[in-house]
$ cat start_1.cif   # mmCIF, C-alpha atoms
data_query
loop_
_atom_site.label_atom_id
_atom_site.label_comp_id
_atom_site.auth_asym_id
_atom_site.auth_seq_id
_atom_site.Cartn_x
_atom_site.Cartn_y
_atom_site.Cartn_z
CA MET A 298 257.35 -11.22 1.38
CA LYS A 299 258.29 -7.61 1.95
CA PHE A 300 257.77 -5.01 -0.75
CA VAL A 301 257.72 -1.24 -0.66
CA ASP A 302 254.46 0.60 -1.18
CA GLU A 303 254.94 4.32 -1.66
CA ALA A 304 253.06 7.50 -2.47
CA PHE A 305 253.94 11.17 -2.92
CA ILE A 306 251.60 13.81 -1.49
CA ASP A 307 251.57 17.56 -0.93
CA ILE A 308 250.71 18.85 2.55
CA ALA A 309 249.61 22.41 3.31
CA ALA A 310 248.66 23.67 6.77
CA GLY A 311 246.31 26.63 7.00
CA ASP A 312 247.54 30.22 7.08
CA GLY A 313 246.79 32.34 10.11
CA GLY A 314 244.08 35.01 9.90
CA ASN A 315 245.00 38.69 9.75
CA GLY A 316 244.64 41.04 12.70
CA CYS A 317 242.01 43.78 12.60
CA VAL A 318 242.21 47.57 12.98
CA SER A 319 239.02 48.76 14.64
CA PHE A 320 237.92 51.35 17.19
CA ARG A 321 235.06 51.33 19.63
CA HIS A 322 232.15 53.43 18.45
CA GLU A 323 229.34 54.10 20.90
CA LYS A 324 227.09 57.00 21.59
CA TYR A 325 228.72 59.51 23.93
CA LYS A 326 232.02 57.53 23.71
CA GLU A 327 233.98 59.80 21.43
CA PHE A 328 237.33 58.11 22.08
CA GLY A 329 236.39 54.50 22.71
CA GLY A 330 239.85 53.13 21.99
CA PRO A 331 241.06 50.24 19.84
CA ASN A 332 239.10 46.96 19.79
CA GLY A 333 240.47 45.08 16.79
CA GLY A 334 240.85 41.36 17.51
CA ASP A 335 243.56 38.88 16.54
CA GLY A 336 243.28 36.48 13.63
CA GLY A 337 242.75 32.77 14.25
CA ARG A 338 245.49 30.19 13.74
CA GLY A 339 245.51 28.04 10.65
CA GLY A 340 244.55 24.39 10.76
CA HIS A 341 247.18 21.73 11.45
CA VAL A 342 247.73 18.56 9.40
CA TYR A 343 247.95 15.43 11.55
CA ALA A 344 248.77 11.83 10.72
CA VAL A 345 247.43 8.94 12.79
CA ALA A 346 248.49 5.30 12.66
CA ASP A 347 245.53 3.03 11.90
CA SER A 348 245.96 -0.73 12.15
CA ASN A 349 242.90 -1.26 9.93
CA LEU A 350 244.89 -0.02 6.93
CA ASN A 351 247.68 -1.97 5.29
CA THR A 352 248.42 -0.06 2.08
CA LEU A 353 248.93 3.52 0.86
CA VAL A 354 246.72 3.14 -2.18
CA ASP A 355 244.25 5.85 -1.07
CA PHE A 356 246.97 8.50 -1.24
CA ARG A 357 247.51 7.77 -4.92
CA TYR A 358 243.97 8.95 -5.59
CA SER A 359 244.22 11.98 -3.28
CA ARG A 360 247.53 13.77 -3.71
CA ARG A 361 246.97 17.18 -2.10
CA HIS A 362 245.76 17.79 1.45
CA GLU A 363 245.10 21.32 2.70
CA ALA A 364 243.87 22.49 6.09
CA LYS A 365 241.59 25.54 6.41
CA ARG A 366 243.02 28.98 7.11
CA GLY A 367 242.13 30.90 10.26
CA GLU A 368 239.47 33.58 10.19
CA HIS A 369 240.46 37.22 10.31
CA GLY A 370 240.07 39.26 13.47
CA MET A 371 237.08 41.59 13.79
CA GLY A 372 236.01 44.61 15.76
CA SER A 373 234.42 44.57 19.22
CA ASP A 374 237.36 42.52 20.55
CA MET A 375 236.38 39.51 18.44
CA PHE A 376 239.17 37.09 17.64
CA GLY A 377 239.04 34.98 14.47
CA ALA A 378 238.20 31.30 14.76
CA ALA A 379 240.96 28.73 14.25
CA GLY A 380 240.98 26.84 10.97
CA ASP A 381 239.78 23.25 10.89
CA ASP A 382 242.49 20.61 11.29
CA ILE A 383 242.69 17.58 9.02
CA THR A 384 243.79 14.08 10.05
CA LEU A 385 245.27 11.60 7.58
CA LYS A 386 244.93 7.92 8.44
CA MET A 387 248.02 5.89 7.55
CA PRO A 388 249.02 2.26 8.11
CA VAL A 389 251.18 1.38 11.10
CA GLY A 390 254.81 1.37 9.98
CA THR A 391 254.53 4.26 7.53
CA ILE A 392 257.74 6.27 7.09
CA ILE A 393 257.29 9.93 6.15
CA THR A 394 260.27 11.55 4.42
CA ASP A 395 260.87 14.92 2.76
CA ALA A 396 260.40 14.41 -0.98
CA GLU A 397 263.11 16.94 -1.85
CA THR A 398 265.89 16.18 0.64
CA GLY A 399 265.09 12.54 1.48
CA GLU A 400 265.28 13.32 5.21
CA VAL A 401 263.16 11.05 7.39
CA LEU A 402 260.68 13.29 9.19
CA PHE A 403 258.40 10.90 11.08
CA GLU A 404 257.65 7.21 11.62
CA LEU A 405 254.31 5.80 12.69
CA LEU A 406 255.21 2.78 14.78
CA LYS A 407 252.30 2.33 17.21
CA GLU A 408 248.56 1.95 16.76
CA GLY A 409 246.80 5.26 17.43
CA GLU A 410 250.03 7.30 17.37
CA VAL A 411 249.34 10.89 16.28
CA ILE A 412 251.95 13.26 14.84
CA THR A 413 251.78 16.79 13.44
CA ILE A 414 253.06 16.77 9.86
CA ALA A 415 252.48 20.46 9.17
CA LYS A 416 251.73 23.20 11.69
CA GLY A 417 249.21 25.92 10.95
CA GLY A 418 250.32 29.55 10.95
CA ASP A 419 249.67 31.77 13.97
CA GLY A 420 247.09 34.51 13.67
CA GLY A 421 248.10 38.14 13.30
CA PHE A 422 247.69 40.73 16.05
CA GLY A 423 244.86 43.26 16.02
CA ASN A 424 245.40 46.91 16.96
CA MET A 425 244.21 46.37 20.54
CA ARG A 426 247.51 44.52 21.09
CA PHE A 427 249.46 47.72 20.41
CA LYS A 428 247.62 49.98 22.84
CA SER A 429 249.88 51.67 25.37
CA ALA A 430 250.04 54.80 27.52
CA ILE A 431 251.75 56.73 24.73
CA ASN A 432 249.97 55.07 21.80
CA ARG A 433 246.32 55.52 22.66
CA ALA A 434 244.95 55.00 19.14
CA PRO A 435 247.21 52.47 17.39
CA ARG A 436 246.56 51.66 13.77
CA GLN A 437 249.08 48.84 13.58
CA LYS A 438 248.15 45.26 12.85
CA THR A 439 250.05 42.21 11.65
CA PRO A 440 249.12 39.70 8.99
CA GLY A 441 248.71 36.02 9.79
CA TRP A 442 251.71 33.73 9.54
CA PRO A 443 251.75 31.26 6.64
CA GLY A 444 251.20 27.59 7.43
CA GLU A 445 253.84 24.97 6.74
CA LYS A 446 253.82 23.41 3.29
CA ARG A 447 255.61 20.20 2.42
CA SER A 448 255.97 17.65 -0.31
CA VAL A 449 256.44 14.31 1.41
CA LYS A 450 257.00 10.72 0.43
CA LEU A 451 255.10 8.00 2.23
CA GLU A 452 256.81 4.63 2.35
CA LEU A 453 255.50 1.38 3.77
CA LYS A 454 257.04 -2.06 3.79
CA VAL A 455 254.06 -4.29 3.22
CA LEU A 456 253.46 -8.02 3.47
CA ALA A 457 251.28 -9.79 0.96
CA ASP A 458 247.86 -10.64 2.39
CA VAL A 459 246.93 -13.03 -0.43
CA GLY A 460 249.20 -15.35 -2.40
CA LEU A 461 248.32 -16.80 -5.81
CA LEU A 462 249.16 -20.45 -6.45
CA GLY A 463 248.94 -22.35 -9.67
CA MET A 464 250.65 -24.06 -12.53
CA PRO A 465 252.49 -22.02 -15.17
CA ASN A 466 250.02 -20.33 -17.54
CA ALA A 467 247.11 -20.74 -15.13
CA GLY A 468 246.34 -17.03 -15.53
CA LYS A 469 247.76 -15.68 -12.27
CA SER A 470 249.48 -12.68 -13.88
CA THR A 471 246.35 -11.84 -15.85
CA LEU A 472 244.29 -12.05 -12.67
CA ILE A 473 246.55 -9.76 -10.63
CA SER A 474 246.59 -7.22 -13.45
CA ALA A 475 242.77 -7.35 -13.64
CA ILE A 476 242.12 -6.70 -9.94
CA SER A 477 245.09 -4.55 -8.88
CA ASN A 478 247.49 -1.87 -10.03
CA ALA A 479 250.24 -4.38 -10.83
CA ARG A 480 251.32 -4.73 -14.46
CA PRO A 481 253.28 -7.97 -14.72
CA ARG A 482 254.60 -9.36 -17.95
CA ILE A 483 252.01 -11.59 -19.62
CA ALA A 484 252.76 -14.02 -22.44
CA ASP A 485 251.44 -17.32 -23.81
CA TYR A 486 254.34 -19.50 -22.73
CA PRO A 487 255.16 -21.14 -19.37
CA PHE A 488 257.31 -19.37 -16.77
CA THR A 489 256.64 -15.86 -18.06
CA THR A 490 256.72 -14.73 -14.42
CA LEU A 491 260.30 -15.02 -13.18
CA HIS A 492 259.94 -13.10 -9.90
CA PRO A 493 257.06 -12.27 -7.55
CA ASN A 494 254.76 -9.42 -8.50
CA LEU A 495 252.90 -7.44 -5.87
CA GLY A 496 249.64 -5.59 -6.43
CA VAL A 497 247.44 -3.45 -4.20
CA VAL A 498 243.72 -4.16 -4.64
CA ARG A 499 241.52 -1.18 -3.78
CA VAL A 500 238.09 -2.34 -2.65
CA GLY A 501 236.84 1.07 -1.51
CA PRO A 502 237.93 4.15 0.46
CA GLU A 503 240.36 2.98 3.15
CA GLN A 504 239.66 -0.63 2.12
CA SER A 505 242.42 -2.53 0.35
CA PHE A 506 244.61 -5.60 0.52
CA VAL A 507 247.85 -6.81 -1.05
CA VAL A 508 248.05 -9.75 -3.44
CA ALA A 509 251.22 -11.49 -4.66
CA ASP A 510 251.66 -13.40 -7.90
CA LEU A 511 254.40 -16.03 -7.61
CA PRO A 512 256.12 -17.95 -10.39
CA GLY A 513 254.17 -21.07 -11.31
CA LEU A 514 254.68 -24.28 -9.38
CA ILE A 515 255.21 -27.66 -10.98
CA GLU A 516 255.31 -31.17 -9.59
CA GLY A 517 258.52 -31.62 -7.58
CA ALA A 518 258.76 -27.95 -6.60
CA ALA A 519 259.33 -28.83 -2.94
CA GLU A 520 262.50 -30.69 -4.00
CA GLY A 521 263.69 -27.78 -6.14
CA ALA A 522 262.11 -28.38 -9.55
CA GLY A 523 261.09 -25.32 -11.56
CA LEU A 524 261.12 -21.78 -10.23
CA GLY A 525 258.30 -21.78 -7.69
CA HIS A 526 260.32 -23.46 -4.94
CA LEU A 527 262.46 -20.33 -4.64
CA PHE A 528 259.44 -18.36 -3.47
CA LEU A 529 257.37 -20.89 -1.53
CA ARG A 530 258.75 -19.47 1.71
CA HIS A 531 257.12 -16.12 0.91
CA LEU A 532 253.68 -17.69 1.11
CA GLN A 533 254.25 -18.45 4.79
CA ARG A 534 253.60 -14.78 5.64
CA THR A 535 250.31 -14.52 3.76
CA ARG A 536 246.89 -14.75 5.40
CA LEU A 537 245.12 -16.48 2.53
CA LEU A 538 246.03 -18.57 -0.52
CA LEU A 539 244.17 -18.55 -3.82
CA HIS A 540 244.67 -21.61 -6.02
CA VAL A 541 244.19 -20.54 -9.64
CA ILE A 542 243.09 -23.30 -12.05
CA ASP A 543 242.98 -23.09 -15.83
CA MET A 544 239.62 -24.64 -16.72
CA ALA A 545 240.30 -24.49 -20.49
CA PRO A 546 243.84 -25.79 -21.08
CA PHE A 547 245.25 -25.73 -24.61
CA ASP A 548 246.10 -29.43 -24.47
CA ASP A 549 243.03 -31.64 -24.14
CA ASN A 550 245.17 -34.35 -22.55
CA ILE A 551 245.86 -32.16 -19.50
CA ASP A 552 243.70 -32.95 -16.49
CA PRO A 553 243.17 -29.81 -14.33
CA VAL A 554 242.24 -31.97 -11.34
CA ALA A 555 245.53 -33.85 -11.48
CA GLN A 556 247.43 -30.57 -11.72
CA ALA A 557 245.54 -29.12 -8.76
CA LYS A 558 246.28 -32.19 -6.63
CA ALA A 559 249.95 -31.97 -7.56
CA ILE A 560 250.14 -28.34 -6.36
CA VAL A 561 248.40 -29.20 -3.08
CA GLY A 562 250.81 -32.08 -2.60
CA GLU A 563 253.79 -29.77 -3.07
CA LEU A 564 252.44 -27.43 -0.41
CA LYS A 565 251.99 -30.28 2.04
CA LYS A 566 255.50 -31.62 1.43
CA TYR A 567 257.10 -28.19 1.74
CA ASP A 568 255.37 -27.03 4.93
CA ALA A 569 252.40 -28.50 6.81
CA ALA A 570 251.51 -25.08 8.24
CA LEU A 571 251.38 -23.67 4.73
CA TYR A 572 249.10 -26.51 3.68
CA GLU A 573 246.75 -25.70 6.57
CA LYS A 574 246.35 -22.04 5.59
CA PRO A 575 242.90 -20.90 4.43
CA ARG A 576 242.72 -21.61 0.73
CA GLY A 577 240.25 -20.60 -1.95
CA LEU A 578 239.78 -22.10 -5.39
CA VAL A 579 239.70 -19.75 -8.39
CA LEU A 580 238.44 -21.42 -11.56
CA ASN A 581 239.80 -19.26 -14.35
CA ASN A 582 239.18 -19.00 -18.11
CA LEU A 583 235.55 -20.05 -17.84
CA ASP A 584 234.76 -17.72 -20.74
CA MET A 585 236.42 -20.38 -22.94
CA VAL A 586 233.97 -23.03 -21.72
CA PRO A 587 230.57 -23.25 -23.51
CA GLY A 588 227.82 -21.81 -21.37
CA ASP A 589 225.73 -24.97 -21.33
CA GLU A 590 228.72 -27.03 -20.12
CA ARG A 591 230.10 -24.60 -17.52
CA ALA A 592 228.01 -25.60 -14.49
CA ALA A 593 228.52 -29.34 -15.06
CA ARG A 594 232.26 -28.95 -15.58
CA VAL A 595 232.67 -26.86 -12.41
CA LYS A 596 230.61 -29.32 -10.36
CA ASP A 597 232.58 -32.28 -11.68
CA PHE A 598 235.90 -30.56 -10.98
CA VAL A 599 235.06 -29.67 -7.37
CA LYS A 600 233.67 -33.17 -6.74
CA ARG A 601 236.75 -34.93 -8.10
CA LEU A 602 239.09 -32.59 -6.19
CA ARG A 603 237.02 -33.03 -3.00
CA PHE A 604 237.46 -29.38 -2.20
CA LYS A 605 235.41 -27.99 0.70
CA GLY A 606 236.49 -24.33 0.68
CA PRO A 607 235.14 -21.31 -1.23
CA VAL A 608 235.06 -21.62 -5.02
CA PHE A 609 235.13 -18.61 -7.36
CA GLU A 610 234.22 -18.84 -11.04
CA ILE A 611 235.93 -16.10 -13.03
CA SER A 612 237.50 -15.05 -16.27
CA ALA A 613 240.54 -12.86 -15.60
CA LEU A 614 240.69 -11.86 -19.27
CA THR A 615 237.13 -10.51 -19.46
CA ARG A 616 237.01 -9.64 -15.70
CA GLU A 617 233.86 -11.70 -15.30
CA GLY A 618 233.37 -12.57 -11.61
CA CYS A 619 236.42 -10.54 -10.50
CA GLU A 620 234.39 -7.99 -8.50
CA HIS A 621 232.71 -10.72 -6.45
CA LEU A 622 236.10 -12.35 -5.90
CA VAL A 623 237.65 -9.09 -4.65
CA GLN A 624 234.81 -8.36 -2.23
CA ALA A 625 234.81 -11.89 -0.79
CA ILE A 626 238.59 -11.98 -0.39
CA TYR A 627 238.63 -8.60 1.34
CA GLN A 628 236.13 -9.80 3.94
CA GLN A 629 238.28 -12.87 4.66
CA VAL A 630 241.46 -10.82 4.91
CA LYS A 631 239.75 -8.32 7.19
CA ALA A 632 238.46 -11.09 9.46
CA ALA A 633 241.94 -12.66 9.64
CA HIS A 634 243.49 -9.28 10.44
CA VAL A 635 241.03 -8.67 13.29
CA ALA A 636 241.66 -12.15 14.68
CA GLU A 637 245.42 -11.49 14.78
CA GLN A 638 245.07 -8.35 16.88
CA GLU A 639 245.54 -8.59 20.61
CA PRO A 640 242.27 -8.55 22.55
CA VAL A 641 241.44 -5.30 24.30
CA VAL A 642 241.72 -5.61 28.07
CA VAL A 643 238.73 -3.95 29.71
CA ASP A 644 239.04 -2.67 33.25
CA PRO A 645 236.40 -4.58 35.28
CA ARG A 646 235.58 -1.39 37.16
CA PHE A 647 234.12 0.09 34.00
CA VAL A 648 232.18 -2.93 32.75
CA PRO A 649 228.49 -1.95 32.56
CA LEU A 650 226.25 -3.81 34.98
CA PRO A 651 223.51 -6.05 33.54
CA PRO A 652 219.99 -4.67 33.79
CA GLU A 653 218.02 -5.56 36.90
CA GLY A 654 216.15 -8.82 36.64
CA ALA A 655 218.40 -10.13 33.89
#
$ encode --input "start_1.cif" --output "structure tokens"
Amino acid sequence: MKFVDEAFIDIAAGDGGNGCVSFRHEKYKEFGGPNGGDGGRGGHVYAVADSNLNTLVDFRYSRRHEAKRGEHGMGSDMFGAAGDDITLKMPVGTIITDAETGEVLFELLKEGEVITIAKGGDGGFGNMRFKSAINRAPRQKTPGWPGEKRSVKLELKVLADVGLLGMPNAGKSTLISAISNARPRIADYPFTTLHPNLGVVRVGPEQSFVVADLPGLIEGAAEGAGLGHLFLRHLQRTRLLLHVIDMAPFDDNIDPVAQAKAIVGELKKYDAALYEKPRGLVLNNLDMVPGDERAARVKDFVKRLRFKGPVFEISALTREGCEHLVQAIYQQVKAAHVAEQEPVVVDPRFVPLPPEGA
């Protein structure tokens, strides 16, 4: 399931420092000559491709990035120090385009690839640069050059890390709106969701994952019933599935266990590999269950379903239990992402020797 994640940011490299006009002053050195140093260059703005990131959500919270300017030149032949560079970590596959013209400037295609988005300005010349045989005491200097400034658009085609399964009105849209930046349409009738919704869940700085809310499945979806069958193929690219169950259905005659088994059966009929994917159980709407009955109802449900995976008890409406769910899911997604990476080949010549006597 490919969607576009994008962000707009302003980039500013550092300006160069100004040159200095100075003359050597020492005792008995009446005409010491010029000794004004050059200014330092401004800091560059780099971008590096980091495979540990998979969204651009951090750049929505930090829109402007400025490098430091170079220091000015000083007397005694002292040049100004260069400004500090800044490095922006971006997911592999990020496309950087000019926000005004739409021109593609850079693409980060390989892990660890480093590019210079904005170059810092060069430092200005001090008066010692202008000394010559006919200009013994120059008073000229040049200011530092301005650093490059750009407004850029970051674009990333992302795949959903987590897919939400469940019957219509199980609370999937409410859940994705509670834990992510997605704002799907939510109503109290079945099949409110007519197309997949994608949300980026921010766990912490440089920690996020992508969750997809699919239209609800019903029994017979693998044969084409309902809407969910149109999007079942999208779940094949996810790393983890979350099965959302409504623990407080409006109709007392509805058995949540029977509905859950029907969904699992549709997965198995559609694709065995999809059925074998890691799957978590999200028991939703527990705020509608009396507190003294909640533990017994959850235990009975899990026992009847014979589910052996992780179980999360939440209320998407009140956000109860959502923080624990987000943290646990992020750890699973991160572990799956690390497992998918190719192992690093270590040169045997540089493998440290075991300690003596070991």
$ residues_around --input "start_1.cif" --residues "Leu583 in chain A" --least-positions-apart "2" --cutoff "8 Å" --atoms "only C-alpha atoms" --output "list in words"
Met544, Ala545, Leu580, Asn581, Met585, Val586, Arg591, Glu610, Ile611 and Ser612 of chain A
$ closest_residue --input "start_1.cif" --among "A:Tyr325, A:Lys416, A:Glu363, A:Met464" --to "Glu563 in chain A" --atoms "only C-alpha atoms"
A:Met464
$ resolve_selection --input "start_1.cif" --expression "the PyMOL selection byres ((chain A and resi 314) around 12)" --output "ChimeraX atom specification"
/A:311-313,315-317,334-340,365-371,376-380,417-423,438-444
$ write_last_selection --input "start_1.cif" --atoms "C-alpha atoms" --output "compact mmCIF listing (two decimals), in the coordinates of the input"
# COMPACT_ATOMS: atom_id res chain seq x y z
CA GLY A 311 246.31 26.63 7.00
CA ASP A 312 247.54 30.22 7.08
CA GLY A 313 246.79 32.34 10.11
CA ASN A 315 245.00 38.69 9.75
CA GLY A 316 244.64 41.04 12.70
CA CYS A 317 242.01 43.78 12.60
CA GLY A 334 240.85 41.36 17.51
CA ASP A 335 243.56 38.88 16.54
CA GLY A 336 243.28 36.48 13.63
CA GLY A 337 242.75 32.77 14.25
CA ARG A 338 245.49 30.19 13.74
CA GLY A 339 245.51 28.04 10.65
CA GLY A 340 244.55 24.39 10.76
CA LYS A 365 241.59 25.54 6.41
CA ARG A 366 243.02 28.98 7.11
CA GLY A 367 242.13 30.90 10.26
CA GLU A 368 239.47 33.58 10.19
CA HIS A 369 240.46 37.22 10.31
CA GLY A 370 240.07 39.26 13.47
CA MET A 371 237.08 41.59 13.79
CA PHE A 376 239.17 37.09 17.64
CA GLY A 377 239.04 34.98 14.47
CA ALA A 378 238.20 31.30 14.76
CA ALA A 379 240.96 28.73 14.25
CA GLY A 380 240.98 26.84 10.97
CA GLY A 417 249.21 25.92 10.95
CA GLY A 418 250.32 29.55 10.95
CA ASP A 419 249.67 31.77 13.97
CA GLY A 420 247.09 34.51 13.67
CA GLY A 421 248.10 38.14 13.30
CA PHE A 422 247.69 40.73 16.05
CA GLY A 423 244.86 43.26 16.02
CA LYS A 438 248.15 45.26 12.85
CA THR A 439 250.05 42.21 11.65
CA PRO A 440 249.12 39.70 8.99
CA GLY A 441 248.71 36.02 9.79
CA TRP A 442 251.71 33.73 9.54
CA PRO A 443 251.75 31.26 6.64
CA GLY A 444 251.20 27.59 7.43
$ resolve_selection --input "start_1.cif" --expression "the PyMOL selection byres ((chain A and resi 550-555) around 10)" --output "PyMOL selection string"
chain A and resi 464+467+542-549+556-560+597-603
$ residues_around --input "start_1.cif" --residues "Gly577 in chain A" --least-positions-apart "5" --cutoff "9 Å" --atoms "all atoms listed in the file" --output "list in words"
Leu537, Leu538, Leu539, His540, Val541, Gly606, Pro607, Val608, Phe609 and Ile626 of chain A
$ residues_around --input "start_1.cif" --residues "Arg360 in chain A" --least-positions-apart "6" --cutoff "8 Å" --atoms "all atoms listed in the file" --output "MDAnalysis selection string"
chainID A and resid 305:307
$ closest_residue --input "start_1.cif" --among "A:Val354, A:Val318, A:Ala457, A:Ile412" --to "Pro502 in chain A" --atoms "all atoms listed in the file"
A:Val354
$ resolve_selection --input "start_1.cif" --expression "the PyMOL selection byres ((chain A and resi 403) around 7)" --output "MDAnalysis selection string"
chainID A and resid 392:394 401:402 404:405
$ write_last_selection --input "start_1.cif" --atoms "C-alpha atoms" --output "compact mmCIF listing (two decimals), in the frame of the given file"
# COMPACT_ATOMS: atom_id res chain seq x y z
CA ILE A 392 257.74 6.27 7.09
CA ILE A 393 257.29 9.93 6.15
CA THR A 394 260.27 11.55 4.42
CA VAL A 401 263.16 11.05 7.39
CA LEU A 402 260.68 13.29 9.19
CA GLU A 404 257.65 7.21 11.62
CA LEU A 405 254.31 5.80 12.69
$ atom_distance --input "start_1.cif" --atom1 "CA of Asp374 in chain A" --atom2 "CA of Phe427 in chain A"
13.2 Å
$ atom_distance --input "start_1.cif" --atom1 "CA of Val508 in chain A" --atom2 "CA of Lys450 in chain A"
22.7 Å
$ atom_distance --input "start_1.cif" --atom1 "CA of Phe506 in chain A" --atom2 "CA of Gly468 in chain A"
19.8 Å
$ closest_residue --input "start_1.cif" --among "A:Ile473, A:Val579, A:Arg321, A:Arg536" --to "Asn494 in chain A" --atoms "all atoms listed in the file"
A:Ile473
$ closest_residue --input "start_1.cif" --among "A:Tyr572, A:Lys386, A:Val595, A:Asn349" --to "Ala632 in chain A" --atoms "all atoms listed in the file"
A:Asn349
$ residues_around --input "start_1.cif" --residues "His341 in chain A" --least-positions-apart "4" --cutoff "8 Å" --atoms "only C-alpha atoms" --output "PyMOL selection string"
chain A and resi 310-311+364+381-383+413-417
$ closest_residue --input "start_1.cif" --among "A:Glu327, A:Glu408, A:Glu445, A:Asp355" --to "Leu385 in chain A" --atoms "all atoms listed in the file"
A:Asp355
$ closest_residue --input "start_1.cif" --among "A:Asp302, A:Phe604, A:Leu650, A:Met425" --to "Leu495 in chain A" --atoms "only C-alpha atoms"
A:Asp302
$ axis_aligned_box --input "start_1.cif" --around "range 333-340 of chain A" --padding-each-side "5 Å" --output "AutoDock Vina command-line options"
--center_x 243.0 --center_y 34.7 --center_z 14.1 --size_x 15.0 --size_y 30.7 --size_z 16.9
$ residues_near_point --input "start_1.cif" --point "(252.0, -0.4, -5.6)" --cutoff "7 Å" --atoms "only C-alpha atoms" --output "PyMOL selection string"
chain A and resi 302-303+478-479+496-497
$ build_atoms --input "start_1.cif" --residues "range 616-629 of chain A" --atoms "N, CA and C atoms" --output "PDB file, in the frame of the given file"
ATOM      1  N   ARG A 616     237.331 -10.180 -17.037  1.00  0.00           N
ATOM      2  CA  ARG A 616     237.010  -9.640 -15.700  1.00  0.00           C
ATOM      3  C   ARG A 616     235.642 -10.110 -15.190  1.00  0.00           C
ATOM      4  N   GLU A 617     235.119 -11.145 -15.774  1.00  0.00           N
ATOM      5  CA  GLU A 617     233.860 -11.700 -15.300  1.00  0.00           C
ATOM      6  C   GLU A 617     234.075 -12.364 -13.936  1.00  0.00           C
ATOM      7  N   GLY A 618     233.280 -11.994 -12.949  1.00  0.00           N
ATOM      8  CA  GLY A 618     233.370 -12.570 -11.610  1.00  0.00           C
ATOM      9  C   GLY A 618     234.477 -11.996 -10.743  1.00  0.00           C
ATOM     10  N   CYS A 619     235.284 -11.067 -11.270  1.00  0.00           N
ATOM     11  CA  CYS A 619     236.420 -10.540 -10.500  1.00  0.00           C
ATOM     12  C   CYS A 619     235.950  -9.650  -9.335  1.00  0.00           C
ATOM     13  N   GLU A 620     234.876  -8.891  -9.559  1.00  0.00           N
ATOM     14  CA  GLU A 620     234.390  -7.990  -8.500  1.00  0.00           C
ATOM     15  C   GLU A 620     233.899  -8.792  -7.303  1.00  0.00           C
ATOM     16  N   HIS A 621     233.162  -9.859  -7.550  1.00  0.00           N
ATOM     17  CA  HIS A 621     232.710 -10.720  -6.450  1.00  0.00           C
ATOM     18  C   HIS A 621     233.893 -11.353  -5.735  1.00  0.00           C
ATOM     19  N   LEU A 622     234.902 -11.764  -6.497  1.00  0.00           N
ATOM     20  CA  LEU A 622     236.100 -12.350  -5.900  1.00  0.00           C
ATOM     21  C   LEU A 622     236.790 -11.347  -4.980  1.00  0.00           C
ATOM     22  N   VAL A 623     236.965 -10.113  -5.434  1.00  0.00           N
ATOM     23  CA  VAL A 623     237.650  -9.090  -4.650  1.00  0.00           C
ATOM     24  C   VAL A 623     236.902  -8.808  -3.345  1.00  0.00           C
ATOM     25  N   GLN A 624     235.586  -8.660  -3.429  1.00  0.00           N
ATOM     26  CA  GLN A 624     234.810  -8.360  -2.230  1.00  0.00           C
ATOM     27  C   GLN A 624     234.876  -9.501  -1.214  1.00  0.00           C
ATOM     28  N   ALA A 625     234.774 -10.738  -1.695  1.00  0.00           N
ATOM     29  CA  ALA A 625     234.810 -11.890  -0.790  1.00  0.00           C
ATOM     30  C   ALA A 625     236.185 -12.042  -0.142  1.00  0.00           C
ATOM     31  N   ILE A 626     237.240 -11.843  -0.927  1.00  0.00           N
ATOM     32  CA  ILE A 626     238.590 -11.980  -0.390  1.00  0.00           C
ATOM     33  C   ILE A 626     238.866 -10.898   0.640  1.00  0.00           C
ATOM     34  N   TYR A 627     238.396  -9.683   0.375  1.00  0.00           N
ATOM     35  CA  TYR A 627     238.630  -8.600   1.340  1.00  0.00           C
ATOM     36  C   TYR A 627     237.982  -8.916   2.686  1.00  0.00           C
ATOM     37  N   GLN A 628     236.788  -9.463   2.681  1.00  0.00           N
ATOM     38  CA  GLN A 628     236.130  -9.800   3.940  1.00  0.00           C
ATOM     39  C   GLN A 628     236.919 -10.864   4.702  1.00  0.00           C
ATOM     40  N   GLN A 629     237.474 -11.845   3.989  1.00  0.00           N
ATOM     41  CA  GLN A 629     238.280 -12.870   4.660  1.00  0.00           C
ATOM     42  C   GLN A 629     239.566 -12.293   5.221  1.00  0.00           C
TER      43      GLN A 629
END
